[in-house]
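Novice: Below is one structure. I have some questions about it.
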Amino acid sequence: MYKDNPAASELTNGSIILYDLFFKEKNKKSIIVHESSHHLYKKVAPKDIADFLSMSGWSIEVTLDRKVYESPPKKLIQPYSALDKDEDFANHVESYYQNPKSYKATHPKHYDFFNQRYPL
């Protein structure tokens, strides 16, 4: 568990764990959307994931000895988006649902990507 994290996704059994902090939060909907997005990420078509990662600026390098290195985008939607690709995806989905107008203004391509697949 990350410090001050109100919830977590348990992908193995398809559940969301709510910690005590969740019940003190004002915007519970955003937390649930964020955690649900981790589950959604695992079900998104590979081409859509590739499109999202490309649009977001993720880079993947495979060395000659077959080691894979992933580099997060230089511009992140949230600082902890750099943790991994599905965290970045979940942060984008949360922002899309939390404040669509603002998200559309700051991330128009991402907004269109999500709006085509998950219209509000």
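Chain labels follow the order of the structure tokens: the first chain is A, the next B, and so on; residue numbering restarts at 1 in every chain, and ligands are counted from 1 in their shown order.
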Find the residues around Trp58 in chain A up to 10 Å (only C-alpha atoms counted), leave out those fewer than 3 positions away in its own chain, and share them as a PyMOL selection string.
Specialist: chain A and resi 50+52-55+70-74+82+84-85+88
Novice: Residues at most 12 Å from range 13-29 of chain A, counting only C-alpha atoms, excluding those fewer than 6 positions away in the same chain, as a ChimeraX atom specification?
Specialist: /A:1-7,35-40,42-43,94-95,97-99
Novice: For a quick check of understanding, using only C-alpha atoms, which of A:Tyr41, A:Tyr103, A:Phe89, A:Tyr96 has the smallest distance to Ser56 in chain A?
Specialist: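 Of the candidates, the smallest distance to Ser56 in chain A is held by A:Phe89.
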Novice: As a VMD selection string, please: every residue in chain A that DSSP puts in strand (DSSP E or B).
Specialist: chain A and resid 7 to 10 15 to 18 59 to 62 68 to 71
Novice: Once you have the residues from the selection above, write them out as an mmCIF file, in the first residue's frame, restricted to C-alpha atoms.
Specialist:
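Result saved to selection31.cif:
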data_model
loop_
_atom_site.group_PDB
_atom_site.id
_atom_site.type_symbol
_atom_site.label_atom_id
_atom_site.label_comp_id
_atom_site.auth_asym_id
_atom_site.auth_seq_id
_atom_site.Cartn_x
_atom_site.Cartn_y
_atom_site.Cartn_z
ATOM 1 C CA ALA A 7 -7.871 2.088 -2.124
ATOM 2 C CA ALA A 8 -6.130 -0.539 -4.228
ATOM 3 C CA SER A 9 -7.047 -2.898 -7.032
ATOM 4 C CA GLU A 10 -6.606 -6.622 -6.590
ATOM 5 C CA SER A 15 -11.693 -6.822 -6.481
ATOM 6 C CA ILE A 16 -11.065 -3.354 -5.117
ATOM 7 C CA ILE A 17 -9.765 -2.963 -1.578
ATOM 8 C CA LEU A 18 -11.026 0.070 0.316
ATOM 9 C CA SER A 59 8.590 4.558 -24.936
ATOM 10 C CA ILE A 60 9.663 0.950 -24.888
ATOM 11 C CA GLU A 61 13.195 -0.172 -25.660
ATOM 12 C CA VAL A 62 14.263 -3.774 -26.141
ATOM 13 C CA VAL A 68 12.709 -4.529 -21.954
ATOM 14 C CA TYR A 69 12.866 -0.994 -20.585
ATOM 15 C CA GLU A 70 9.790 1.208 -20.358
ATOM 16 C CA SER A 71 10.135 4.951 -20.010
#
Novice: Give me, please, the distance in Å between CA of Tyr80 in chain A and CA of Asp48 in chain A, quoted to one decimal.
Specialist: 22.0 Å
Novice: List every residue of range 7-65 of chain A that DSSP, applied to the backbone of this structure, assigns to alpha helix (DSSP H), and report them as a list in words.
Specialist: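 Put together, the selection reads Lys28, Lys29, Ser30, Ile31, Ile32, Val33, His34, Glu35, Ser36, Ser37, His38, His39, Leu40, Tyr41, Pro46, Lys47, Asp48, Ile49, Ala50, Asp51, Phe52, Leu53, Ser54, Met55 and Ser56 of chain A.
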